[in-house]
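Data from structure.pdb: PDB, C-alpha atoms
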```pdb
ATOM      1  CA  MET A  21     -75.287 -36.365  18.511
ATOM      2  CA  VAL A  22     -78.919 -37.438  18.777
ATOM      3  CA  GLY A  23     -80.339 -36.332  15.445
ATOM      4  CA  ALA A  24     -79.647 -34.632  12.130
ATOM      5  CA  ILE A  25     -81.497 -33.430   9.034
ATOM      6  CA  ASP A  26     -80.028 -32.675   5.615
ATOM      7  CA  ALA A  27     -81.452 -32.302   2.115
ATOM      8  CA  TRP A  28     -78.675 -34.288   0.386
ATOM      9  CA  ASP A  29     -78.886 -38.073   0.588
ATOM     10  CA  ILE A  30     -75.117 -38.537   0.400
ATOM     11  CA  ALA A  31     -74.640 -36.110   3.286
ATOM     12  CA  THR A  32     -77.167 -37.892   5.502
ATOM     13  CA  ALA A  33     -75.726 -41.310   4.648
ATOM     14  CA  THR A  34     -72.216 -40.092   5.474
ATOM     15  CA  PHE A  35     -73.459 -38.652   8.765
ATOM     16  CA  ALA A  36     -75.107 -41.972   9.617
ATOM     17  CA  ASP A  37     -71.847 -43.800   8.865
ATOM     18  CA  ASN A  38     -70.093 -41.683  11.466
ATOM     19  CA  PHE A  39     -72.895 -41.329  14.029
ATOM     20  CA  PRO A  40     -74.744 -44.662  13.830
ATOM     21  CA  ARG A  41     -76.724 -44.002  17.032
ATOM     22  CA  ALA A  42     -78.173 -40.719  15.832
ATOM     23  CA  LEU A  43     -81.554 -40.374  14.138
ATOM     24  CA  VAL A  44     -80.805 -39.077  10.637
ATOM     25  CA  ARG A  45     -83.392 -37.736   8.207
ATOM     26  CA  ASN A  46     -82.937 -36.961   4.511
ATOM     27  CA  ALA A  47     -85.396 -34.123   3.937
ATOM     28  CA  THR A  48     -85.648 -30.621   2.518
ATOM     29  CA  LEU A  49     -86.898 -28.239   5.180
ATOM     30  CA  ARG A  50     -89.940 -26.095   4.467
ATOM     31  CA  PRO A  51     -91.496 -23.142   6.312
ATOM     32  CA  ARG A  52     -93.684 -25.541   8.322
ATOM     33  CA  SER A  53     -91.009 -28.190   8.888
ATOM     34  CA  GLY A  54     -90.699 -29.055  12.529
ATOM     35  CA  ARG A  55     -90.257 -31.649  15.178
ATOM     36  CA  ARG A  56     -92.227 -34.376  13.397
ATOM     37  CA  LEU A  57     -89.194 -35.108  11.192
ATOM     38  CA  VAL A  58     -87.274 -36.200  14.303
ATOM     39  CA  ALA A  59     -90.172 -37.078  16.575
ATOM     40  CA  GLN A  60     -88.232 -39.858  18.306
ATOM     41  CA  VAL A  61     -85.753 -37.321  19.722
ATOM     42  CA  ASP A  62     -86.823 -36.344  23.222
ATOM     43  CA  GLU A  63     -84.291 -33.743  24.329
ATOM     44  CA  VAL A  64     -81.812 -31.455  22.599
ATOM     45  CA  GLN A  65     -79.368 -29.459  24.693
ATOM     46  CA  LEU A  66     -77.406 -27.980  21.795
ATOM     47  CA  LEU A  67     -78.684 -27.169  18.307
ATOM     48  CA  LEU A  68     -76.143 -26.776  15.481
ATOM     49  CA  ALA A  69     -77.458 -25.293  12.244
ATOM     50  CA  SER A  70     -75.908 -24.394   8.899
ATOM     51  CA  PRO A  71     -78.643 -22.976   6.635
ATOM     52  CA  GLU A  72     -78.161 -22.784   2.893
ATOM     53  CA  CYS A  73     -75.319 -20.402   2.043
ATOM     54  CA  THR A  74     -75.233 -20.425  -1.774
ATOM     55  CA  ASN A  75     -77.520 -17.410  -2.122
ATOM     56  CA  HIS A  76     -75.641 -15.328   0.422
ATOM     57  CA  THR A  77     -72.128 -15.739  -0.955
ATOM     58  CA  CYS A  78     -70.468 -13.387  -3.430
ATOM     59  CA  ALA A  79     -69.347 -16.462  -5.392
ATOM     60  CA  ARG A  80     -72.635 -16.229  -7.323
ATOM     61  CA  GLY A  81     -71.238 -13.213  -9.155
ATOM     62  CA  THR A  82     -73.980 -11.416 -11.074
ATOM     63  CA  LEU A  83     -76.583 -14.173 -10.676
ATOM     64  CA  ASP A  84     -79.807 -13.222  -8.915
ATOM     65  CA  PHE A  85     -80.234 -14.351  -5.327
ATOM     66  CA  ASP A  86     -82.958 -16.827  -4.407
ATOM     67  CA  GLU A  87     -84.807 -15.440  -1.405
ATOM     68  CA  ALA A  88     -86.451 -18.788  -0.657
ATOM     69  CA  SER A  89     -82.977 -20.282  -0.205
ATOM     70  CA  ARG A  90     -81.965 -17.470   2.137
ATOM     71  CA  GLU A  91     -85.071 -17.963   4.239
ATOM     72  CA  THR A  92     -83.992 -21.470   5.230
ATOM     73  CA  ALA A  93     -82.184 -19.664   8.052
ATOM     74  CA  LEU A  94     -85.581 -18.860   9.558
ATOM     75  CA  TYR A  95     -86.527 -22.557   9.624
ATOM     76  CA  VAL A  96     -83.952 -22.985  12.375
ATOM     77  CA  LEU A  97     -86.359 -21.101  14.630
ATOM     78  CA  ASN A  98     -88.928 -23.901  14.260
ATOM     79  CA  TYR A  99     -86.528 -26.297  15.964
ATOM     80  CA  VAL A 100     -85.448 -23.753  18.552
ATOM     81  CA  ARG A 101     -89.084 -23.357  19.589
ATOM     82  CA  ALA A 102     -89.791 -27.091  19.471
ATOM     83  CA  PHE A 103     -86.799 -28.300  21.506
ATOM     84  CA  GLN A 104     -85.895 -25.144  23.463
ATOM     85  CA  PRO A 105     -82.210 -26.110  23.685
ATOM     86  CA  ARG A 106     -79.908 -24.431  26.163
ATOM     87  CA  TRP A 107     -77.481 -23.504  23.380
ATOM     88  CA  VAL A 108     -77.801 -22.695  19.655
ATOM     89  CA  VAL A 109     -74.983 -22.225  17.136
ATOM     90  CA  ILE A 110     -75.767 -21.040  13.596
ATOM     91  CA  GLU A 111     -72.978 -21.034  11.008
ATOM     92  CA  ASN A 112     -72.907 -19.428   7.565
ATOM     93  CA  VAL A 113     -70.822 -17.374   5.157
ATOM     94  CA  ILE A 114     -70.011 -13.883   6.393
ATOM     95  CA  GLN A 115     -72.112 -12.313   3.605
ATOM     96  CA  MET A 116     -75.213 -13.514   5.442
ATOM     97  CA  ARG A 117     -74.969 -10.331   7.522
ATOM     98  CA  ALA A 118     -76.065  -8.305   4.483
ATOM     99  CA  TRP A 119     -79.320 -10.277   4.129
ATOM    100  CA  SER A 120     -82.432  -8.127   4.615
ATOM    101  CA  ARG A 121     -83.868 -10.506   7.255
ATOM    102  CA  TYR A 122     -80.645 -11.110   9.180
ATOM    103  CA  ASP A 123     -81.590  -8.628  11.922
ATOM    104  CA  GLU A 124     -85.027 -10.219  12.152
ATOM    105  CA  LEU A 125     -83.417 -13.608  12.806
ATOM    106  CA  LEU A 126     -81.282 -12.136  15.586
ATOM    107  CA  GLU A 127     -84.227 -10.306  17.143
ATOM    108  CA  VAL A 128     -86.266 -13.509  17.437
ATOM    109  CA  LEU A 129     -83.324 -15.360  18.950
ATOM    110  CA  ARG A 130     -82.803 -12.562  21.475
ATOM    111  CA  GLU A 131     -86.299 -13.088  22.862
ATOM    112  CA  ASP A 132     -85.011 -16.157  24.731
ATOM    113  CA  TYR A 133     -81.226 -16.088  24.335
ATOM    114  CA  ARG A 134     -78.208 -13.962  24.872
ATOM    115  CA  VAL A 135     -76.693 -13.738  21.403
ATOM    116  CA  LYS A 136     -73.169 -13.011  20.222
ATOM    117  CA  THR A 137     -72.184 -12.909  16.541
ATOM    118  CA  GLN A 138     -68.582 -13.280  15.434
ATOM    119  CA  VAL A 139     -66.496 -14.013  12.359
ATOM    120  CA  LEU A 140     -63.907 -16.734  12.990
ATOM    121  CA  ASP A 141     -61.068 -17.940  10.771
ATOM    122  CA  ALA A 142     -60.395 -21.683  10.963
ATOM    123  CA  SER A 143     -56.648 -21.091  10.657
ATOM    124  CA  ASP A 144     -56.696 -19.371  14.070
ATOM    125  CA  PHE A 145     -57.869 -22.661  15.587
ATOM    126  CA  GLY A 146     -55.051 -24.818  14.256
ATOM    127  CA  VAL A 147     -56.758 -25.780  10.986
ATOM    128  CA  PRO A 148     -54.436 -25.716   7.932
ATOM    129  CA  GLN A 149     -56.939 -23.625   5.947
ATOM    130  CA  THR A 150     -57.909 -19.970   5.749
ATOM    131  CA  ARG A 151     -61.686 -20.158   6.175
ATOM    132  CA  ARG A 152     -63.651 -17.200   7.561
ATOM    133  CA  ARG A 153     -67.219 -17.922   8.606
ATOM    134  CA  LEU A 154     -69.977 -16.240  10.577
ATOM    135  CA  PHE A 155     -71.026 -17.909  13.831
ATOM    136  CA  ILE A 156     -74.111 -16.895  15.812
ATOM    137  CA  LEU A 157     -73.707 -18.148  19.397
ATOM    138  CA  CYS A 158     -76.770 -18.304  21.651
ATOM    139  CA  ASP A 159     -77.048 -19.179  25.358
ATOM    140  CA  ARG A 160     -80.247 -19.071  27.421
ATOM    141  CA  LYS A 161     -78.507 -18.360  30.726
ATOM    142  CA  LYS A 162     -75.370 -16.298  30.173
ATOM    143  CA  GLU A 163     -73.358 -14.274  27.691
ATOM    144  CA  PRO A 164     -71.780 -16.484  24.999
ATOM    145  CA  PRO A 165     -67.970 -16.431  24.771
ATOM    146  CA  ASP A 166     -66.028 -14.164  22.438
ATOM    147  CA  LEU A 167     -63.549 -16.280  20.471
ATOM    148  CA  THR A 168     -62.394 -13.626  18.020
ATOM    149  CA  GLY A 169     -59.084 -13.198  19.840
ATOM    150  CA  TYR A 170     -58.233 -16.893  20.002
ATOM    151  CA  ARG A 171     -54.995 -18.011  18.338
ATOM    152  CA  ALA A 172     -53.716 -21.575  18.345
ATOM    153  CA  SER A 173     -50.146 -22.087  19.461
ATOM    154  CA  ARG A 174     -49.252 -23.359  15.997
ATOM    155  CA  GLN A 175     -50.720 -22.581  12.591
ATOM    156  CA  PRO A 176     -50.353 -25.580  10.252
ATOM    157  CA  THR A 177     -49.778 -24.942   6.564
ATOM    158  CA  ALA A 178     -50.787 -26.528   3.282
ATOM    159  CA  ARG A 179     -47.578 -28.549   3.432
ATOM    160  CA  ASP A 180     -48.894 -30.347   6.543
ATOM    161  CA  ILE A 181     -51.865 -31.892   4.729
ATOM    162  CA  LEU A 182     -49.958 -33.471   1.817
ATOM    163  CA  ASP A 183     -49.466 -37.179   1.394
ATOM    164  CA  PRO A 184     -45.883 -38.299   0.654
ATOM    165  CA  SER A 185     -44.655 -37.772  -2.903
ATOM    166  CA  GLY A 186     -45.511 -40.740  -5.085
ATOM    167  CA  THR A 187     -48.697 -41.642  -3.187
ATOM    168  CA  TRP A 188     -50.866 -40.271  -6.002
ATOM    169  CA  GLU A 189     -50.240 -40.270  -9.734
ATOM    170  CA  ALA A 190     -48.941 -37.007 -11.170
ATOM    171  CA  ARG A 191     -48.484 -36.029 -14.794
ATOM    172  CA  PRO A 192     -46.004 -33.675 -16.475
ATOM    173  CA  LEU A 193     -47.054 -30.055 -16.179
ATOM    174  CA  TYR A 194     -46.030 -29.364 -19.778
ATOM    175  CA  ARG A 195     -48.094 -32.130 -21.335
ATOM    176  CA  LYS A 196     -50.021 -31.809 -24.583
ATOM    177  CA  GLY A 197     -53.454 -30.277 -24.128
ATOM    178  CA  ARG A 198     -52.700 -28.512 -20.840
ATOM    179  CA  ALA A 199     -54.804 -25.342 -20.572
ATOM    180  CA  SER A 200     -52.904 -22.131 -21.246
ATOM    181  CA  GLU A 201     -54.362 -20.511 -18.109
ATOM    182  CA  THR A 202     -53.028 -23.363 -15.975
ATOM    183  CA  LEU A 203     -49.566 -22.856 -17.445
ATOM    184  CA  ALA A 204     -49.841 -19.110 -16.861
ATOM    185  CA  ARG A 205     -50.654 -19.688 -13.162
ATOM    186  CA  ALA A 206     -47.684 -22.038 -12.856
ATOM    187  CA  LYS A 207     -45.407 -19.534 -14.566
ATOM    188  CA  ARG A 208     -46.384 -16.799 -12.114
ATOM    189  CA  ALA A 209     -45.610 -19.115  -9.205
ATOM    190  CA  MET A 210     -42.195 -20.074 -10.601
ATOM    191  CA  GLN A 211     -41.335 -16.435 -11.191
ATOM    192  CA  ASN A 212     -41.961 -15.775  -7.505
ATOM    193  CA  LEU A 213     -40.584 -18.980  -5.971
ATOM    194  CA  GLY A 214     -37.996 -20.135  -8.466
ATOM    195  CA  GLU A 215     -37.753 -23.564 -10.085
ATOM    196  CA  GLY A 216     -37.629 -26.687  -7.951
ATOM    197  CA  VAL A 217     -39.991 -25.320  -5.269
ATOM    198  CA  PRO A 218     -43.395 -27.076  -5.003
ATOM    199  CA  PHE A 219     -46.552 -24.958  -4.911
ATOM    200  CA  LEU A 220     -50.309 -25.090  -5.412
ATOM    201  CA  ILE A 221     -52.216 -23.911  -8.449
ATOM    202  CA  VAL A 222     -55.555 -22.444  -7.348
ATOM    203  CA  TYR A 223     -58.380 -22.712  -9.850
ATOM    204  CA  TYR A 224     -61.470 -20.460  -9.759
ATOM    205  CA  SER A 225     -59.449 -17.956  -7.731
ATOM    206  CA  MET A 226     -61.121 -14.595  -7.132
ATOM    207  CA  ASP A 227     -58.768 -13.196  -4.484
ATOM    208  CA  GLY A 228     -56.189 -11.563  -6.708
ATOM    209  CA  GLY A 229     -53.536 -14.064  -5.668
ATOM    210  CA  GLY A 230     -52.450 -14.860  -9.193
ATOM    211  CA  GLY A 231     -53.949 -18.345  -9.248
ATOM    212  CA  TRP A 232     -51.312 -19.978  -7.046
ATOM    213  CA  GLN A 233     -50.185 -20.192  -3.442
ATOM    214  CA  SER A 234     -47.158 -21.233  -1.444
ATOM    215  CA  LEU A 235     -47.197 -24.412   0.637
ATOM    216  CA  ASP A 236     -45.907 -22.409   3.606
ATOM    217  CA  ARG A 237     -49.260 -20.847   4.444
ATOM    218  CA  PRO A 238     -52.685 -22.384   5.216
ATOM    219  CA  LEU A 239     -54.668 -23.633   2.247
ATOM    220  CA  ARG A 240     -57.023 -21.093   0.743
ATOM    221  CA  THR A 241     -60.705 -21.665   1.397
ATOM    222  CA  LEU A 242     -61.857 -25.119   0.346
ATOM    223  CA  THR A 243     -65.044 -24.908  -1.731
ATOM    224  CA  THR A 244     -67.374 -27.528  -3.201
ATOM    225  CA  LEU A 245     -65.259 -27.543  -6.378
ATOM    226  CA  ASP A 246     -62.023 -29.380  -7.140
ATOM    227  CA  ARG A 247     -59.741 -26.331  -7.198
ATOM    228  CA  PHE A 248     -56.249 -27.186  -5.886
ATOM    229  CA  GLY A 249     -53.493 -28.640  -8.053
ATOM    230  CA  LEU A 250     -50.086 -29.539  -6.591
ATOM    231  CA  VAL A 251     -46.981 -28.839  -8.649
ATOM    232  CA  GLU A 252     -43.934 -30.874  -7.606
ATOM    233  CA  TRP A 253     -40.616 -31.560  -9.304
ATOM    234  CA  TRP A 254     -39.357 -34.901 -10.580
ATOM    235  CA  GLN A 255     -35.874 -35.117 -12.068
ATOM    236  CA  GLY A 256     -35.876 -31.386 -12.661
ATOM    237  CA  GLU A 257     -39.266 -31.283 -14.418
ATOM    238  CA  PRO A 258     -42.544 -30.017 -12.905
ATOM    239  CA  THR A 259     -45.481 -32.410 -12.443
ATOM    240  CA  LEU A 260     -49.106 -31.649 -11.610
ATOM    241  CA  ARG A 261     -51.827 -33.522  -9.765
ATOM    242  CA  MET A 262     -54.997 -32.467  -7.969
ATOM    243  CA  LEU A 263     -55.177 -32.640  -4.185
ATOM    244  CA  GLN A 264     -56.996 -35.797  -3.103
ATOM    245  CA  VAL A 265     -59.837 -36.367  -0.667
ATOM    246  CA  PRO A 266     -57.644 -37.563   2.256
ATOM    247  CA  GLU A 267     -55.574 -34.377   1.944
ATOM    248  CA  LEU A 268     -58.648 -32.163   1.759
ATOM    249  CA  LYS A 269     -60.069 -33.929   4.827
ATOM    250  CA  ARG A 270     -56.977 -32.885   6.742
ATOM    251  CA  ALA A 271     -57.342 -29.340   5.382
ATOM    252  CA  MET A 272     -60.808 -29.222   6.975
ATOM    253  CA  GLY A 273     -59.575 -30.673  10.269
ATOM    254  CA  PHE A 274     -61.274 -34.053   9.945
ATOM    255  CA  GLY A 275     -59.296 -36.947  11.366
ATOM    256  CA  ASN A 276     -58.446 -40.039   9.360
ATOM    257  CA  ALA A 277     -61.071 -41.996  11.320
ATOM    258  CA  TYR A 278     -63.902 -39.932   9.816
ATOM    259  CA  ARG A 279     -65.524 -42.155   7.186
ATOM    260  CA  MET A 280     -66.265 -40.819   3.695
ATOM    261  CA  ILE A 281     -67.167 -43.766   1.507
ATOM    262  CA  ARG A 282     -70.298 -42.459  -0.238
ATOM    263  CA  GLY A 283     -70.622 -41.106  -3.728
ATOM    264  CA  SER A 284     -67.995 -40.046  -6.241
ATOM    265  CA  ARG A 285     -64.800 -38.099  -5.672
ATOM    266  CA  ARG A 286     -66.695 -34.964  -6.696
ATOM    267  CA  ASP A 287     -69.388 -35.744  -4.113
ATOM    268  CA  ARG A 288     -66.797 -36.097  -1.354
ATOM    269  CA  ILE A 289     -65.171 -32.797  -2.232
ATOM    270  CA  LYS A 290     -68.605 -31.177  -2.176
ATOM    271  CA  LEU A 291     -69.255 -32.712   1.257
ATOM    272  CA  LEU A 292     -66.023 -31.234   2.588
ATOM    273  CA  GLY A 293     -66.578 -27.840   0.975
ATOM    274  CA  ASN A 294     -70.017 -27.646   2.581
ATOM    275  CA  GLY A 295     -68.650 -28.622   5.990
ATOM    276  CA  VAL A 296     -67.722 -26.803   9.173
ATOM    277  CA  CYS A 297     -64.156 -27.319  10.394
ATOM    278  CA  PRO A 298     -64.464 -29.607  13.458
ATOM    279  CA  PRO A 299     -61.723 -27.910  15.521
ATOM    280  CA  VAL A 300     -63.555 -24.579  15.277
ATOM    281  CA  MET A 301     -66.850 -26.078  16.385
ATOM    282  CA  GLN A 302     -65.079 -28.071  19.113
ATOM    283  CA  HIS A 303     -63.771 -24.841  20.615
ATOM    284  CA  ILE A 304     -67.138 -23.126  20.340
ATOM    285  CA  VAL A 305     -69.001 -25.969  22.031
ATOM    286  CA  ALA A 306     -66.351 -26.360  24.723
ATOM    287  CA  ARG A 307     -66.473 -22.666  25.597
ATOM    288  CA  LEU A 308     -70.279 -22.536  25.487
ATOM    289  CA  THR A 309     -70.653 -25.504  27.812
ATOM    290  CA  ASN A 310     -67.617 -24.762  30.025
ATOM    291  CA  ALA A 311     -66.003 -28.034  29.021
ATOM    292  CA  ALA A 312     -62.249 -28.475  28.877
ATOM    293  CA  GLU A 313     -60.677 -26.787  25.867
ATOM    294  CA  PRO A 314     -60.219 -29.443  23.170
ATOM    295  CA  LYS A 315     -56.744 -30.281  22.035
ATOM    296  CA  PHE A 316     -56.496 -30.557  18.269
ATOM    297  CA  ARG A 317     -53.607 -32.072  16.355
ATOM    298  CA  VAL A 318     -53.436 -31.960  12.560
ATOM    299  CA  PRO A 319     -54.015 -35.526  11.354
ATOM    300  CA  GLN A 320     -50.816 -36.959   9.937
ATOM    301  CA  ALA A 321     -50.578 -37.853   6.289
ATOM    302  CA  ILE A 322     -50.802 -41.555   5.608
ATOM    303  CA  GLN A 323     -49.581 -43.444   2.566
ATOM    304  CA  VAL A 324     -53.087 -44.286   1.343
ATOM    305  CA  ASP A 325     -56.447 -43.615   2.954
ATOM    306  CA  ARG A 326     -57.989 -46.935   1.968
ATOM    307  CA  ALA A 327     -61.468 -45.949   3.110
ATOM    308  CA  ILE A 328     -61.575 -43.645   0.084
ATOM    309  CA  ASN A 329     -61.313 -46.614  -2.269
ATOM    310  CA  LEU A 330     -64.238 -48.543  -0.816
ATOM    311  CA  PRO A 331     -67.272 -48.849  -3.083
ATOM    312  CA  ALA A 332     -70.299 -46.773  -2.141
ATOM    313  CA  LYS A 333     -72.954 -48.810  -0.369
ATOM    314  CA  GLU A 334     -76.635 -48.722  -1.111
ATOM    315  CA  PHE A 335     -78.610 -46.381   1.090
ATOM    316  CA  ALA A 336     -82.128 -45.034   1.285
TER
END
```
Output the structure of this file as structure tokens.
Amino acid sequence: MVGAIDAWDIATATFADNFPRALVRNATLRPRSGRRLVAQVDEVQLLLASPECTNHTCARGTLDFDEASRETALYVLNYVRAFQPRWVVIENVIQMRAWSRYDELLEVLREDYRVKTQVLDASDFGVPQTRRRLFILCDRKKEPPDLTGYRASRQPTARDILDPSGTWEARPLYRKGRASETLARAKRAMQNLGEGVPFLIVYYSMDGGGGWQSLDRPLRTLTTLDRFGLVEWWQGEPTLRMLQVPELKRAMGFGNAYRMIRGSRRDRIKLLGNGVCPPVMQHIVARLTNAAEPKFRVPQAIQVDRAINLPAKEFA
């Protein structure tokens, strides 16, 4: 990694923590934004871009879409023209395909690249999360690979990301003040699984799954919100706690070595929810560049990820 730009200061500081040799800029891109933001970077062989997705996704419900936010996808072209990289990968939510200027973006890219669009699910690449995203793969010299048929030899589940019982504080499910909707979600799970079986309560669920999921399948899509509560049993009684940052890191496919010490717990969950699962991008880059196929292993749960408890440092 030689350079990066992001509008969120916590995101750029976290990137700098993990890629200290890269030139990192905290800036909001504009229609005329270009190479001057990273003028010290001489050559870029591969450009990775994730434009704003909030105003493409159906999660906005009935709210109006902000066209200026959608058009950040076109700012990628400024850097394609400036650096002329061999390869370009653009990632976004699958609803981006319905955007009125989506075809225009592809047409401009096709002037210099062979382009292949595909929807990939992170769970097919050994990530313990169901996460479908659009990837636009571009190569100046040959046809980009088709990864839609790829399936990892093993599909990890939500159970694989959990820290050992007792690592994090849990409280009784039936405690005073517990929201009735939370109890209703738990009741539906127990009716399906029976008592004594741990499961996840899923908040803000819009997939008709009843607000819960089994631990024996990949985690549902991680968002920027704190939405997963784990119900376990202690001495015959159910307890509830939220999934913690180290567990959500594993759900995204980040290893324990990846440092996340900036901001609040909410900030770190937002960072993860905005991220791209590394194993998916590893496979894309390896296939684009004809490198050896990466071997990904789900990071093992550890008793405590102590990096999470470090105080945030000052940063510009």
With a distance cut-off of 10 Å and all atoms listed in the file, select the neighbouring residues of Leu220 of chain A, excluding the residue or stretch itself and same-chain residues fewer than 5 positions from it, and output the selection as a list in words.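 Returned residues: Ala178, Arg179, Arg205, Ala206, Ala209, Gly231, Trp232, Gln233, Ser234, Leu235, Leu239, Arg240, Arg247, Phe248, Gly249, Leu250, Val251, Glu252, Leu260, Arg261, Met262 and Leu263 of chain A.
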Just to confirm, what's the straight-line distance from atom CA of Glu257 of chain A to atom CA of Gly228 of chain A in Å (one decimal)?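 Interatomic distance here is 27.1 Å.
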Picked residues, the PyMOL selection byres ((chain A and resi 24) around 12), expected as an mmCIF file with C-alpha atoms, in the coordinates of the input:
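As a result, selection.cif now contains:
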```cif
data_model
loop_
_atom_site.group_PDB
_atom_site.id
_atom_site.type_symbol
_atom_site.label_atom_id
_atom_site.label_comp_id
_atom_site.auth_asym_id
_atom_site.auth_seq_id
_atom_site.Cartn_x
_atom_site.Cartn_y
_atom_site.Cartn_z
ATOM 1 C CA MET A 21 -75.287 -36.365 18.511
ATOM 2 C CA VAL A 22 -78.919 -37.438 18.777
ATOM 3 C CA GLY A 23 -80.339 -36.332 15.445
ATOM 4 C CA ILE A 25 -81.497 -33.430 9.034
ATOM 5 C CA ASP A 26 -80.028 -32.675 5.615
ATOM 6 C CA ALA A 27 -81.452 -32.302 2.115
ATOM 7 C CA TRP A 28 -78.675 -34.288 0.386
ATOM 8 C CA ALA A 31 -74.640 -36.110 3.286
ATOM 9 C CA THR A 32 -77.167 -37.892 5.502
ATOM 10 C CA ALA A 33 -75.726 -41.310 4.648
ATOM 11 C CA THR A 34 -72.216 -40.092 5.474
ATOM 12 C CA PHE A 35 -73.459 -38.652 8.765
ATOM 13 C CA ALA A 36 -75.107 -41.972 9.617
ATOM 14 C CA ASN A 38 -70.093 -41.683 11.466
ATOM 15 C CA PHE A 39 -72.895 -41.329 14.029
ATOM 16 C CA PRO A 40 -74.744 -44.662 13.830
ATOM 17 C CA ARG A 41 -76.724 -44.002 17.032
ATOM 18 C CA ALA A 42 -78.173 -40.719 15.832
ATOM 19 C CA LEU A 43 -81.554 -40.374 14.138
ATOM 20 C CA VAL A 44 -80.805 -39.077 10.637
ATOM 21 C CA ARG A 45 -83.392 -37.736 8.207
ATOM 22 C CA ASN A 46 -82.937 -36.961 4.511
ATOM 23 C CA ALA A 47 -85.396 -34.123 3.937
ATOM 24 C CA LEU A 49 -86.898 -28.239 5.180
ATOM 25 C CA ARG A 55 -90.257 -31.649 15.178
ATOM 26 C CA LEU A 57 -89.194 -35.108 11.192
ATOM 27 C CA VAL A 58 -87.274 -36.200 14.303
ATOM 28 C CA ALA A 59 -90.172 -37.078 16.575
ATOM 29 C CA GLN A 60 -88.232 -39.858 18.306
ATOM 30 C CA VAL A 61 -85.753 -37.321 19.722
ATOM 31 C CA VAL A 64 -81.812 -31.455 22.599
ATOM 32 C CA LEU A 66 -77.406 -27.980 21.795
ATOM 33 C CA LEU A 67 -78.684 -27.169 18.307
ATOM 34 C CA LEU A 68 -76.143 -26.776 15.481
ATOM 35 C CA ALA A 69 -77.458 -25.293 12.244
ATOM 36 C CA SER A 70 -75.908 -24.394 8.899
ATOM 37 C CA TYR A 99 -86.528 -26.297 15.964
#
```
Quick one: axis-aligned box around all listed atoms of segment 151-162 of chain A, 4 Å on every side, centre and edge lengths in Å to one decimal, written as lines of an AutoDock Vina configuration file.
```
center_x = -71.0
center_y = -18.2
center_z = 18.5
size_x = 26.6
size_y = 11.9
size_z = 32.6
```
Identify all residues satisfying the PyMOL selection byres ((chain A and resi 139) around 9) in the given file; provide them as an NGL selection string. :A and (114 or 137-138 or 140-141 or 152-156 or 167-168)
I would like the residues chosen by the PyMOL selection byres ((chain A and resi 216) around 10) on the shown file; could you give them as a ChimeraX atom specification? /A:210,213-215,217-219,251-258
Just-selected residues, C-alpha atoms written as an mmCIF file, in the frame of the given file:
```
data_model
loop_
_atom_site.group_PDB
_atom_site.id
_atom_site.type_symbol
_atom_site.label_atom_id
_atom_site.label_comp_id
_atom_site.auth_asym_id
_atom_site.auth_seq_id
_atom_site.Cartn_x
_atom_site.Cartn_y
_atom_site.Cartn_z
ATOM 1 C CA MET A 210 -42.195 -20.074 -10.601
ATOM 2 C CA LEU A 213 -40.584 -18.980 -5.971
ATOM 3 C CA GLY A 214 -37.996 -20.135 -8.466
ATOM 4 C CA GLU A 215 -37.753 -23.564 -10.085
ATOM 5 C CA VAL A 217 -39.991 -25.320 -5.269
ATOM 6 C CA PRO A 218 -43.395 -27.076 -5.003
ATOM 7 C CA PHE A 219 -46.552 -24.958 -4.911
ATOM 8 C CA VAL A 251 -46.981 -28.839 -8.649
ATOM 9 C CA GLU A 252 -43.934 -30.874 -7.606
ATOM 10 C CA TRP A 253 -40.616 -31.560 -9.304
ATOM 11 C CA TRP A 254 -39.357 -34.901 -10.580
ATOM 12 C CA GLN A 255 -35.874 -35.117 -12.068
ATOM 13 C CA GLY A 256 -35.876 -31.386 -12.661
ATOM 14 C CA GLU A 257 -39.266 -31.283 -14.418
ATOM 15 C CA PRO A 258 -42.544 -30.017 -12.905
#
```
Would you please work out which residue, of A:Glu267, A:Glu72, A:Asp159, A:Asp132, is nearest to Met116 of chain A when using only C-alpha atoms? A:Glu72
What is the distance between atom CA of Arg106 of chain A and atom CA of Arg160 of chain A, in Å to one decimal? 5.5 Å
Identify, on the basis of all atoms listed in the file, every residue whose closest approach to Phe274 of chain A does not exceed 9 Å; exclude the query and any residue fewer than 3 positions from it along the same chain; express the result as JSON, numbers by chain. {"A": [268, 269, 270, 271, 277, 278, 297, 298, 299, 318, 319]}
